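Below: one structure, written as structure tokens.
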Amino acid sequence: MTKLKNILALDDEPSMRRLLEISLKQAGYQPVLAENGREALDILRQGGIDLVISDLHMPVMDGLKLLATMQQEGIDVPSIIVTAQGEISTAIEAMKLGASDYILRPFDLSTLEIAIERALSLSRLKLENRYLRAEASQDTQLIGQSPAMQKLQQAIRQVAPEKATTLIAGETGTGKELVAQAIHQLSPRKDALFVAVNCAAIPGDMLESELFGHERGAFTGAVKNRIGKFEMADGGTLFLDEVTEMPIGLQAKLLRALQQGVIERLGSNRSLPVDIRVVAATNRDPLQAIADGKLREDLYYRLNVFRIDLPPLRERKSDIPALATHFLKPRGLSLDDAAAQTLQTYTWPGNIRELQNILERAAIICGGDTISTEHLPTDITQHATLATTTTAVPEAMTLATQANMSLPIATETLEKDMIRTALQQTKGNKSKAARLLDISERSLWYKLSRYKLEDNNDQESPLPD
Ligand SMILES: Nc1ncnc2c1ncn2[C@@H]1O[C@H](COP(=O)(O)OP(=O)(O)OP(=O)(O)O)[C@@H](O)[C@H]1O
Ligand SMILES: [Mg+2]
């Protein structure tokens with residue numbers, strides 16, 4: 001249920017105000033009345049008004065003066081001007097001052113309703129446009145068929161229709177924001193906004209006004225009224241990213257807002273009801289964050305109604321080829337088997353974001369249409385090689401140092417060790433072993449014969465010429 005739209009109607013004629021009041025109620029809006037521009041301005045400064053319907057001529061402060069002042073103060077509320085037949089030029093002036101529309105007197109209820117709906121949807125579109133431009137809308141398709149991913153998809157489908165807050169925990173780059181967007185997209189709120197606030201990116205003292213908005217003059221530098229992210233997300237989803245980075249005092253205020261479903265702009269004492277679904281995310285362990293005094297325990301329980309834990313990429317490596325294909329497809333590129341295999345041996349501390357970055361880089365340096373191991377950064381290919389020999393390498397290194405070996409002998413020892421491990425892991429398949437070691441098959445054959453590592457039970461193809 002979205003709340004009723006508050007419509008501020010102003011006219012100096014009591015009978016006209018009464019008529020507007022009845023008409024607005026009948027059309028399903030919440031009327032707020034004022035008899036002149038000054039009174040209207042006081043109300044507008046408090047926030048919470050969705051639209052203004054104003055007469056042009058009023059004593060104290062007329063319609064044009066009101067519009068000009070609203071523009072000056074940055075009060076961004078759509079307005080409709082009511083005007084008489086002979087005053088079209090003034091009405092046009094009003095439009096230049098930011099009025100969304102004008103209607104001619106006398107008007108019937110349906111004309112009024114159409115104008116209101118048009119102005120409201122226009123302002124919504126304006127807001128959305130501005131927002132979408134800033135946040136460059138993302139594709140919310142979640143790629144991966146691993147058991148962990150299937151479980152995740154199921155959890156998302158379960159929580160999406162609910163209004164209950166959801167806490168998403170996971171390492172950096174595991175897709176927390178993407179999951180939050182997916183929840184929003186699958187919820188009944190999908191047509192309203194998904195508004196993200198990164199609590200770590202905004203200085204603590206500015207975060208409060210970012211969330212709750214402020215009135216002009218609420219603090220030094222508050223030169224305009226400003227709508228907060230809570231109001232912006234009304235009817236939609238508010239995504240509180242890195243919620244443990246929010247100052248602890250503000251966490252108390254957030255908790256209150258969540259419990260009561262109302263907010264107050266800074267510098268205002270008027271409570272505004274907001275209809276919000278909150279999804280919060282953290283890359284810390286929430287219980288550890290509580291122990292460290294970074295997260296209020298009561299807020300944690302309020303956020304943790306639903307909990308989604310995102311697995312790190314290294315725990316669902318089978319998703320890597322599909323993810324890679326997904327990221328490369330828009331560029332018309334693909335990945336060869338060796339590269340796909342190498343990507344699966346790396347541990348991905350930066351998770352999916354790191355994978356995405358590395359493929360982007362590979363796409364740039366790869367001249368053709370297939371990405372192979374040579375286009376991957378050396379730390380990944382090396383890491384992949386070492387990862388397969390994690391037990392052998394440290395052992396060989398320690399031995400080499402302890403025995404005071406010369407570099408060539410140490411290198412030889414290490415090479416032998418790594419080759420043996422690679423062969424063990426690939427069950428003697430030399431082309432696979434060569435790929436793991438990131439050397440050519442030919443060079444593996446050469447090393448095998450040089451180090452006399454030819455194993456007896458290997459019945460594979462003879463040495464190529
Ligand atoms: N399952 C997935 N399928 C496709 N793309 C994904 C998937 N998960 C994450 N991504 C992509 O990986 C990148 C990182 O994801 P996201 O920003 O959601 O991570 P995060 O957990 O919020 O990271 P951080 O903690 O650093 O903010 C994004 O570009 C996102 O689109
Ligand atoms: Mg994120």
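By order of appearance in the structure tokens: chains A, B, ..., then residues from 1 within every chain, and ligands from 1 in the order shown.
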
Report as a list in words which protein, DNA and RNA residues come within 8 Å of ligand 2, using only C-alpha atoms and all ligand atoms.
Thr172, Gly173, Gly175, Lys176, Glu177, Leu178, Asn198, Asp241, Glu242 and Ala281 of chain A

Residue selection dump (all heavy atoms) as a PDB file, in the first residue's frame:
ATOM      1  N   THR A 172      33.816  -9.020  -0.632  1.00  0.00           N
ATOM      2  CA  THR A 172      33.753  -8.012  -1.683  1.00  0.00           C
ATOM      3  C   THR A 172      33.647  -8.665  -3.067  1.00  0.00           C
ATOM      4  O   THR A 172      34.278  -9.683  -3.324  1.00  0.00           O
ATOM      5  CB  THR A 172      34.976  -7.078  -1.597  1.00  0.00           C
ATOM      6  OG1 THR A 172      34.897  -6.169  -2.667  1.00  0.00           O
ATOM      7  CG2 THR A 172      36.282  -7.833  -1.691  1.00  0.00           C
ATOM      8  N   GLY A 173      32.796  -8.090  -3.915  1.00  0.00           N
ATOM      9  CA  GLY A 173      32.670  -8.562  -5.293  1.00  0.00           C
ATOM     10  C   GLY A 173      31.870  -9.835  -5.475  1.00  0.00           C
ATOM     11  O   GLY A 173      31.856 -10.403  -6.567  1.00  0.00           O
ATOM     12  N   GLY A 175      28.643 -10.063  -5.359  1.00  0.00           N
ATOM     13  CA  GLY A 175      27.361  -9.795  -6.015  1.00  0.00           C
ATOM     14  C   GLY A 175      26.265  -9.323  -5.070  1.00  0.00           C
ATOM     15  O   GLY A 175      25.085  -9.480  -5.365  1.00  0.00           O
ATOM     16  N   LYS A 176      26.652  -8.713  -3.938  1.00  0.00           N
ATOM     17  CA  LYS A 176      25.639  -8.301  -2.959  1.00  0.00           C
ATOM     18  C   LYS A 176      24.663  -7.292  -3.552  1.00  0.00           C
ATOM     19  O   LYS A 176      23.451  -7.404  -3.385  1.00  0.00           O
ATOM     20  CB  LYS A 176      26.324  -7.719  -1.705  1.00  0.00           C
ATOM     21  CG  LYS A 176      27.145  -8.755  -0.948  1.00  0.00           C
ATOM     22  CD  LYS A 176      27.717  -8.204   0.333  1.00  0.00           C
ATOM     23  CE  LYS A 176      28.766  -7.146   0.101  1.00  0.00           C
ATOM     24  NZ  LYS A 176      29.988  -7.657  -0.568  1.00  0.00           N
ATOM     25  N   GLU A 177      25.208  -6.316  -4.267  1.00  0.00           N
ATOM     26  CA  GLU A 177      24.326  -5.284  -4.825  1.00  0.00           C
ATOM     27  C   GLU A 177      23.436  -5.876  -5.918  1.00  0.00           C
ATOM     28  O   GLU A 177      22.246  -5.555  -6.015  1.00  0.00           O
ATOM     29  CB  GLU A 177      25.160  -4.123  -5.376  1.00  0.00           C
ATOM     30  CG  GLU A 177      24.295  -3.032  -5.975  1.00  0.00           C
ATOM     31  CD  GLU A 177      24.873  -1.629  -5.807  1.00  0.00           C
ATOM     32  OE1 GLU A 177      26.013  -1.512  -5.321  1.00  0.00           O
ATOM     33  OE2 GLU A 177      24.169  -0.676  -6.161  1.00  0.00           O
ATOM     34  N   LEU A 178      24.017  -6.758  -6.708  1.00  0.00           N
ATOM     35  CA  LEU A 178      23.243  -7.397  -7.777  1.00  0.00           C
ATOM     36  C   LEU A 178      22.080  -8.210  -7.189  1.00  0.00           C
ATOM     37  O   LEU A 178      20.968  -8.189  -7.709  1.00  0.00           O
ATOM     38  CB  LEU A 178      24.174  -8.309  -8.574  1.00  0.00           C
ATOM     39  CG  LEU A 178      23.668  -8.740  -9.936  1.00  0.00           C
ATOM     40  CD1 LEU A 178      23.509  -7.549 -10.852  1.00  0.00           C
ATOM     41  CD2 LEU A 178      24.618  -9.757 -10.562  1.00  0.00           C
ATOM     42  N   ASN A 198      25.687   3.916  -0.230  1.00  0.00           N
ATOM     43  CA  ASN A 198      26.881   3.253   0.268  1.00  0.00           C
ATOM     44  C   ASN A 198      27.356   3.964   1.533  1.00  0.00           C
ATOM     45  O   ASN A 198      27.913   5.051   1.472  1.00  0.00           O
ATOM     46  CB  ASN A 198      27.975   3.271  -0.799  1.00  0.00           C
ATOM     47  CG  ASN A 198      29.179   2.473  -0.360  1.00  0.00           C
ATOM     48  OD1 ASN A 198      29.415   2.280   0.839  1.00  0.00           O
ATOM     49  ND2 ASN A 198      29.944   1.996  -1.320  1.00  0.00           N
ATOM     50  N   ASP A 241      24.174  -0.209   1.693  1.00  0.00           N
ATOM     51  CA  ASP A 241      25.379  -0.982   1.448  1.00  0.00           C
ATOM     52  C   ASP A 241      26.404  -0.672   2.539  1.00  0.00           C
ATOM     53  O   ASP A 241      26.504   0.463   2.984  1.00  0.00           O
ATOM     54  CB  ASP A 241      25.929  -0.594   0.071  1.00  0.00           C
ATOM     55  CG  ASP A 241      26.808  -1.679  -0.503  1.00  0.00           C
ATOM     56  OD1 ASP A 241      26.987  -2.716   0.156  1.00  0.00           O
ATOM     57  OD2 ASP A 241      27.313  -1.482  -1.625  1.00  0.00           O
ATOM     58  N   GLU A 242      27.163  -1.681   2.944  1.00  0.00           N
ATOM     59  CA  GLU A 242      28.194  -1.549   3.975  1.00  0.00           C
ATOM     60  C   GLU A 242      27.619  -0.885   5.229  1.00  0.00           C
ATOM     61  O   GLU A 242      28.141   0.098   5.741  1.00  0.00           O
ATOM     62  CB  GLU A 242      29.372  -0.727   3.444  1.00  0.00           C
ATOM     63  CG  GLU A 242      29.796  -1.235   2.080  1.00  0.00           C
ATOM     64  CD  GLU A 242      31.280  -1.362   1.926  1.00  0.00           C
ATOM     65  OE1 GLU A 242      31.954  -1.460   2.963  1.00  0.00           O
ATOM     66  OE2 GLU A 242      31.747  -1.373   0.786  1.00  0.00           O
ATOM     67  N   ALA A 281      23.546  -4.602   3.294  1.00  0.00           N
ATOM     68  CA  ALA A 281      24.633  -5.522   2.936  1.00  0.00           C
ATOM     69  C   ALA A 281      25.878  -5.213   3.747  1.00  0.00           C
ATOM     70  O   ALA A 281      26.066  -4.073   4.193  1.00  0.00           O
ATOM     71  CB  ALA A 281      24.956  -5.412   1.450  1.00  0.00           C
TER      72      ALA A 281
END

- request: With a distance cut-off of 12 Å and only C-alpha atoms, select the neighbouring residues of Ile364 (chain A), excluding the residue or stretch itself and same-chain residues fewer than 6 positions from it, and output the selection as a VMD selection string.
  value: chain A and resid 328 331 333 357 to 358 370 to 371 375 to 376

Could those selected residues go to a file with N, CA, C and O atoms, as an mmCIF file, in the first residue's frame?
data_model
loop_
_atom_site.group_PDB
_atom_site.id
_atom_site.type_symbol
_atom_site.label_atom_id
_atom_site.label_comp_id
_atom_site.auth_asym_id
_atom_site.auth_seq_id
_atom_site.Cartn_x
_atom_site.Cartn_y
_atom_site.Cartn_z
ATOM 1 N N LEU A 328 31.999 -11.998 -21.592
ATOM 2 C CA LEU A 328 32.671 -11.811 -22.876
ATOM 3 C C LEU A 328 31.707 -11.694 -24.057
ATOM 4 O O LEU A 328 32.052 -11.134 -25.090
ATOM 5 N N ARG A 331 31.092 -8.590 -26.163
ATOM 6 C CA ARG A 331 32.199 -8.172 -27.021
ATOM 7 C C ARG A 331 32.421 -9.153 -28.164
ATOM 8 O O ARG A 331 33.387 -9.030 -28.911
ATOM 9 N N LEU A 333 33.387 -12.194 -27.847
ATOM 10 C CA LEU A 333 34.604 -12.974 -27.580
ATOM 11 C C LEU A 333 34.265 -14.266 -26.870
ATOM 12 O O LEU A 333 33.229 -14.386 -26.232
ATOM 13 N N ASN A 357 36.975 -7.819 -14.168
ATOM 14 C CA ASN A 357 38.065 -6.899 -14.515
ATOM 15 C C ASN A 357 39.140 -7.590 -15.343
ATOM 16 O O ASN A 357 39.655 -7.029 -16.316
ATOM 17 N N ILE A 358 39.465 -8.819 -14.952
ATOM 18 C CA ILE A 358 40.528 -9.524 -15.640
ATOM 19 C C ILE A 358 40.110 -9.878 -17.060
ATOM 20 O O ILE A 358 40.910 -9.781 -17.999
ATOM 21 N N THR A 370 39.252 -15.069 -29.515
ATOM 22 C CA THR A 370 39.332 -16.075 -28.465
ATOM 23 C C THR A 370 40.381 -15.678 -27.431
ATOM 24 O O THR A 370 41.519 -15.340 -27.783
ATOM 25 N N ILE A 371 39.981 -15.744 -26.190
ATOM 26 C CA ILE A 371 40.930 -15.432 -25.126
ATOM 27 C C ILE A 371 41.603 -16.716 -24.675
ATOM 28 O O ILE A 371 40.940 -17.718 -24.416
ATOM 29 N N HIS A 375 46.609 -14.249 -22.552
ATOM 30 C CA HIS A 375 45.981 -12.941 -22.330
ATOM 31 C C HIS A 375 45.629 -12.699 -20.871
ATOM 32 O O HIS A 375 45.109 -11.654 -20.527
ATOM 33 N N LEU A 376 45.914 -13.699 -20.047
ATOM 34 C CA LEU A 376 45.598 -13.548 -18.623
ATOM 35 C C LEU A 376 46.819 -13.014 -17.890
ATOM 36 O O LEU A 376 47.955 -13.300 -18.275
#

Between chain A and ligand 1, at 8 Å or less, what are the per-residue closest atom pairs and their distances in Å? Count only C-alpha atoms and all ligand atoms, order by chain and rising residue number, and return it as a Markdown table.
| residue | atom | partner | partner_atom_place_in_ligand_line | distance |
| --- | --- | --- | --- | --- |
| A:Gln138 | CA | ligand 1 | 31 (O) | 7.1 |
| A:Asp139 | CA | ligand 1 | 31 (O) | 6.9 |
| A:Thr140 | CA | ligand 1 | 31 (O) | 7.0 |
| A:Gln141 | CA | ligand 1 | 3 (N) | 6.1 |
| A:Leu142 | CA | ligand 1 | 3 (N) | 3.8 |
| A:Ile143 | CA | ligand 1 | 3 (N) | 3.7 |
| A:Gly144 | CA | ligand 1 | 1 (N) | 5.9 |
| A:Met149 | CA | ligand 1 | 1 (N) | 7.4 |
| A:Gly170 | CA | ligand 1 | 21 (O) | 6.2 |
| A:Glu171 | CA | ligand 1 | 25 (O) | 5.9 |
| A:Thr172 | CA | ligand 1 | 25 (O) | 3.4 |
| A:Gly173 | CA | ligand 1 | 23 (O) | 3.4 |
| A:Thr174 | CA | ligand 1 | 21 (O) | 4.1 |
| A:Gly175 | CA | ligand 1 | 18 (O) | 3.1 |
| A:Lys176 | CA | ligand 1 | 21 (O) | 3.6 |
| A:Glu177 | CA | ligand 1 | 18 (O) | 3.6 |
| A:Leu178 | CA | ligand 1 | 18 (O) | 4.0 |
| A:Val179 | CA | ligand 1 | 18 (O) | 6.6 |
| A:Ala180 | CA | ligand 1 | 18 (O) | 7.9 |
| A:Asp241 | CA | ligand 1 | 27 (O) | 7.3 |
| A:Glu242 | CA | ligand 1 | 25 (O) | 7.5 |
| A:Ala281 | CA | ligand 1 | 22 (O) | 7.8 |
| A:Thr282 | CA | ligand 1 | 25 (O) | 7.0 |
| A:Asn283 | CA | ligand 1 | 25 (O) | 5.6 |
| A:Leu323 | CA | ligand 1 | 4 (C) | 6.1 |
| A:His326 | CA | ligand 1 | 4 (C) | 7.2 |
| A:Phe327 | CA | ligand 1 | 5 (N) | 7.8 |
| A:Gly350 | CA | ligand 1 | 26 (O) | 7.8 |
| A:Asn351 | CA | ligand 1 | 14 (C) | 7.8 |
| A:Ile352 | CA | ligand 1 | 12 (O) | 4.6 |
| A:Arg353 | CA | ligand 1 | 13 (C) | 4.2 |
| A:Glu354 | CA | ligand 1 | 12 (O) | 8.0 |
| A:Gln356 | CA | ligand 1 | 12 (O) | 6.7 |

Write out, as an mmCIF file, in the first residue's frame, the residues just selected, with N, CA and C atoms.
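Output saved as part02.cif:
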data_model
loop_
_atom_site.group_PDB
_atom_site.id
_atom_site.type_symbol
_atom_site.label_atom_id
_atom_site.label_comp_id
_atom_site.auth_asym_id
_atom_site.auth_seq_id
_atom_site.Cartn_x
_atom_site.Cartn_y
_atom_site.Cartn_z
ATOM 1 N N GLN A 138 21.735 -1.308 -14.087
ATOM 2 C CA GLN A 138 22.494 -2.536 -14.302
ATOM 3 C C GLN A 138 21.592 -3.678 -14.672
ATOM 4 N N ASP A 139 22.214 -4.652 -15.294
ATOM 5 C CA ASP A 139 21.511 -5.852 -15.665
ATOM 6 C C ASP A 139 21.530 -6.761 -14.432
ATOM 7 N N THR A 140 20.333 -7.246 -14.035
ATOM 8 C CA THR A 140 20.278 -7.964 -12.758
ATOM 9 C C THR A 140 20.270 -9.476 -12.924
ATOM 10 N N GLN A 141 20.683 -9.944 -14.087
ATOM 11 C CA GLN A 141 20.697 -11.376 -14.310
ATOM 12 C C GLN A 141 21.826 -12.033 -13.519
ATOM 13 N N LEU A 142 21.458 -13.023 -12.715
ATOM 14 C CA LEU A 142 22.473 -13.717 -11.924
ATOM 15 C C LEU A 142 22.898 -14.975 -12.664
ATOM 16 N N ILE A 143 24.167 -15.049 -12.987
ATOM 17 C CA ILE A 143 24.676 -16.175 -13.756
ATOM 18 C C ILE A 143 25.215 -17.248 -12.814
ATOM 19 N N GLY A 144 25.031 -18.511 -13.178
ATOM 20 C CA GLY A 144 25.609 -19.615 -12.408
ATOM 21 C C GLY A 144 24.588 -20.677 -12.079
ATOM 22 N N MET A 149 24.640 -21.454 -6.138
ATOM 23 C CA MET A 149 23.917 -20.442 -6.902
ATOM 24 C C MET A 149 22.422 -20.784 -6.964
ATOM 25 N N GLY A 170 28.572 -11.066 2.514
ATOM 26 C CA GLY A 170 29.446 -11.739 1.557
ATOM 27 C C GLY A 170 30.694 -10.916 1.322
ATOM 28 N N GLU A 171 31.750 -11.587 0.886
ATOM 29 C CA GLU A 171 33.013 -10.906 0.605
ATOM 30 C C GLU A 171 32.824 -9.876 -0.498
ATOM 31 N N THR A 172 33.816 -9.020 -0.632
ATOM 32 C CA THR A 172 33.753 -8.012 -1.683
ATOM 33 C C THR A 172 33.647 -8.665 -3.067
ATOM 34 N N GLY A 173 32.796 -8.090 -3.915
ATOM 35 C CA GLY A 173 32.670 -8.562 -5.293
ATOM 36 C C GLY A 173 31.870 -9.835 -5.475
ATOM 37 N N THR A 174 31.172 -10.302 -4.439
ATOM 38 C CA THR A 174 30.415 -11.551 -4.586
ATOM 39 C C THR A 174 29.023 -11.319 -5.175
ATOM 40 N N GLY A 175 28.643 -10.063 -5.359
ATOM 41 C CA GLY A 175 27.361 -9.795 -6.015
ATOM 42 C C GLY A 175 26.265 -9.323 -5.070
ATOM 43 N N LYS A 176 26.652 -8.713 -3.938
ATOM 44 C CA LYS A 176 25.639 -8.301 -2.959
ATOM 45 C C LYS A 176 24.663 -7.292 -3.552
ATOM 46 N N GLU A 177 25.208 -6.316 -4.267
ATOM 47 C CA GLU A 177 24.326 -5.284 -4.825
ATOM 48 C C GLU A 177 23.436 -5.876 -5.918
ATOM 49 N N LEU A 178 24.017 -6.758 -6.708
ATOM 50 C CA LEU A 178 23.243 -7.397 -7.777
ATOM 51 C C LEU A 178 22.080 -8.210 -7.189
ATOM 52 N N VAL A 179 22.346 -8.906 -6.090
ATOM 53 C CA VAL A 179 21.302 -9.693 -5.439
ATOM 54 C C VAL A 179 20.222 -8.763 -4.880
ATOM 55 N N ALA A 180 20.641 -7.644 -4.295
ATOM 56 C CA ALA A 180 19.667 -6.680 -3.775
ATOM 57 C C ALA A 180 18.770 -6.180 -4.911
ATOM 58 N N ASP A 241 24.174 -0.209 1.693
ATOM 59 C CA ASP A 241 25.379 -0.982 1.448
ATOM 60 C C ASP A 241 26.404 -0.672 2.539
ATOM 61 N N GLU A 242 27.163 -1.681 2.944
ATOM 62 C CA GLU A 242 28.194 -1.549 3.975
ATOM 63 C C GLU A 242 27.619 -0.885 5.229
ATOM 64 N N ALA A 281 23.546 -4.602 3.294
ATOM 65 C CA ALA A 281 24.633 -5.522 2.936
ATOM 66 C C ALA A 281 25.878 -5.213 3.747
ATOM 67 N N THR A 282 26.675 -6.231 3.952
ATOM 68 C CA THR A 282 27.952 -6.028 4.625
ATOM 69 C C THR A 282 28.966 -7.052 4.132
ATOM 70 N N ASN A 283 30.235 -6.621 4.046
ATOM 71 C CA ASN A 283 31.255 -7.611 3.705
ATOM 72 C C ASN A 283 32.023 -8.038 4.956
ATOM 73 N N LEU A 323 30.164 -17.600 -16.126
ATOM 74 C CA LEU A 323 30.326 -16.173 -15.839
ATOM 75 C C LEU A 323 31.217 -15.524 -16.896
ATOM 76 N N HIS A 326 29.427 -15.065 -20.042
ATOM 77 C CA HIS A 326 28.472 -13.965 -19.880
ATOM 78 C C HIS A 326 29.156 -12.594 -20.041
ATOM 79 N N PHE A 327 30.337 -12.466 -19.434
ATOM 80 C CA PHE A 327 31.029 -11.172 -19.503
ATOM 81 C C PHE A 327 31.644 -10.913 -20.879
ATOM 82 N N GLY A 350 39.070 -11.168 -5.043
ATOM 83 C CA GLY A 350 38.132 -10.081 -5.379
ATOM 84 C C GLY A 350 36.849 -10.595 -6.011
ATOM 85 N N ASN A 351 36.701 -11.914 -6.008
ATOM 86 C CA ASN A 351 35.489 -12.575 -6.471
ATOM 87 C C ASN A 351 35.054 -12.177 -7.887
ATOM 88 N N ILE A 352 33.729 -12.051 -8.099
ATOM 89 C CA ILE A 352 33.243 -11.882 -9.473
ATOM 90 C C ILE A 352 33.710 -10.563 -10.081
ATOM 91 N N ARG A 353 33.845 -9.538 -9.247
ATOM 92 C CA ARG A 353 34.307 -8.268 -9.800
ATOM 93 C C ARG A 353 35.723 -8.428 -10.353
ATOM 94 N N GLU A 354 36.553 -9.184 -9.644
ATOM 95 C CA GLU A 354 37.928 -9.396 -10.105
ATOM 96 C C GLU A 354 37.934 -10.171 -11.427
ATOM 97 N N GLN A 356 35.587 -10.209 -13.624
ATOM 98 C CA GLN A 356 35.096 -9.299 -14.647
ATOM 99 C C GLN A 356 36.221 -8.361 -15.128
#

For the structure I just gave you, how does DSSP split region 152-260 of chain A - specifically, which residues are alpha helix (DSSP H)? Reply as a PyMOL selection string.
chain A and resi 152-159+176-185+204-212+229-232+248-260

Expected file: the selected residues, C-alpha atoms, as a compact mmCIF listing (two decimals), in the first residue's frame:
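The resulting file, result-v4.txt, is reproduced below:
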# COMPACT_ATOMS: atom_id res chain seq x y z
CA LEU A 152 20.75 -18.40 -3.76
CA GLN A 153 18.20 -18.08 -6.57
CA GLN A 154 15.70 -19.91 -4.42
CA ALA A 155 16.35 -17.66 -1.43
CA ILE A 156 15.86 -14.59 -3.61
CA ARG A 157 12.54 -15.88 -4.90
CA GLN A 158 11.46 -16.54 -1.34
CA VAL A 159 12.30 -13.15 0.15
CA LYS A 176 25.64 -8.30 -2.96
CA GLU A 177 24.33 -5.28 -4.83
CA LEU A 178 23.24 -7.40 -7.78
CA VAL A 179 21.30 -9.69 -5.44
CA ALA A 180 19.67 -6.68 -3.77
CA GLN A 181 18.59 -5.45 -7.22
CA ALA A 182 17.27 -8.88 -8.12
CA ILE A 183 15.19 -8.90 -4.93
CA HIS A 184 13.75 -5.52 -5.88
CA GLN A 185 13.05 -6.60 -9.47
CA GLY A 204 29.48 10.04 8.62
CA ASP A 205 28.23 13.55 9.24
CA MET A 206 26.72 13.83 5.76
CA LEU A 207 25.14 10.41 5.77
CA GLU A 208 22.31 11.47 8.03
CA SER A 209 21.09 14.17 5.67
CA GLU A 210 21.69 11.87 2.70
CA LEU A 211 19.30 9.36 4.25
CA PHE A 212 16.72 11.59 5.85
CA LYS A 229 17.09 8.66 0.09
CA PHE A 230 14.31 7.38 2.34
CA GLU A 231 11.77 9.67 0.69
CA MET A 232 13.21 8.93 -2.72
CA ILE A 248 26.68 4.01 15.62
CA GLY A 249 24.54 7.03 16.63
CA LEU A 250 22.94 7.11 13.21
CA GLN A 251 22.25 3.38 13.47
CA ALA A 252 19.95 4.18 16.40
CA LYS A 253 18.08 6.70 14.27
CA LEU A 254 17.86 4.24 11.40
CA LEU A 255 16.43 1.61 13.71
CA ARG A 256 13.76 4.04 14.89
CA ALA A 257 12.84 4.92 11.31
CA LEU A 258 12.56 1.23 10.41
CA GLN A 259 10.44 0.42 13.42
CA GLN A 260 8.07 3.34 13.12

### Task
Give the strand (DSSP E or B) residues of region 276-436 of chain A, as DSSP finds them on the backbone, and put them as a VMD selection string.
chain A and resid 277 to 282 306 to 309 334 to 335 370 to 371

Inset, instruction - Could you check how far CA of Ser440 (chain A) sits from CA of Pro349 (chain A), in Å to one decimal? - result: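 Distance between the two atoms: 28.1 Å.
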
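Atom pair CA of Leu10 (chain A) / CA of Asn36 (chain A): separated by 6.2 Å.
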
For Gln46 (chain A), which residue out of A:Arg296, A:Arg265, A:Arg284, A:Lys317 is the nearest one, using only C-alpha atoms?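 Answer, going by the shortest atom-to-atom distance: A:Arg265.
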
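Among the candidates A:Ile380, A:Leu295, A:Ala322, A:Leu4, the residue lying nearest to Gly235 (chain A) is A:Leu4 (atoms considered: only C-alpha atoms).
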
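Minimum atom-to-atom distance to Leu272 (chain A), evaluated using only C-alpha atoms, belongs to A:Gly47 out of A:Gly367, A:Gly47, A:Pro106, A:Gly86.
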
Query raised in the report: Got a sec: who's within 9 Å of Asn225 (chain A), counting only C-alpha atoms, leaving out chain neighbours fewer than 6 positions off, as a list in words?
Result: Arg45, Gln46, Gly47, Glu73, Gly74, Ile75, Asp76, Gly213, His214, Glu215, Arg216, Gly217 and Ala218 of chain A

Quick one: of A:Val77, A:Val82, A:Leu193, A:Cys199, who's nearest to Gly98 (chain A), counting only C-alpha atoms?
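With only C-alpha atoms as the atom set, the closest residue is A:Val77.
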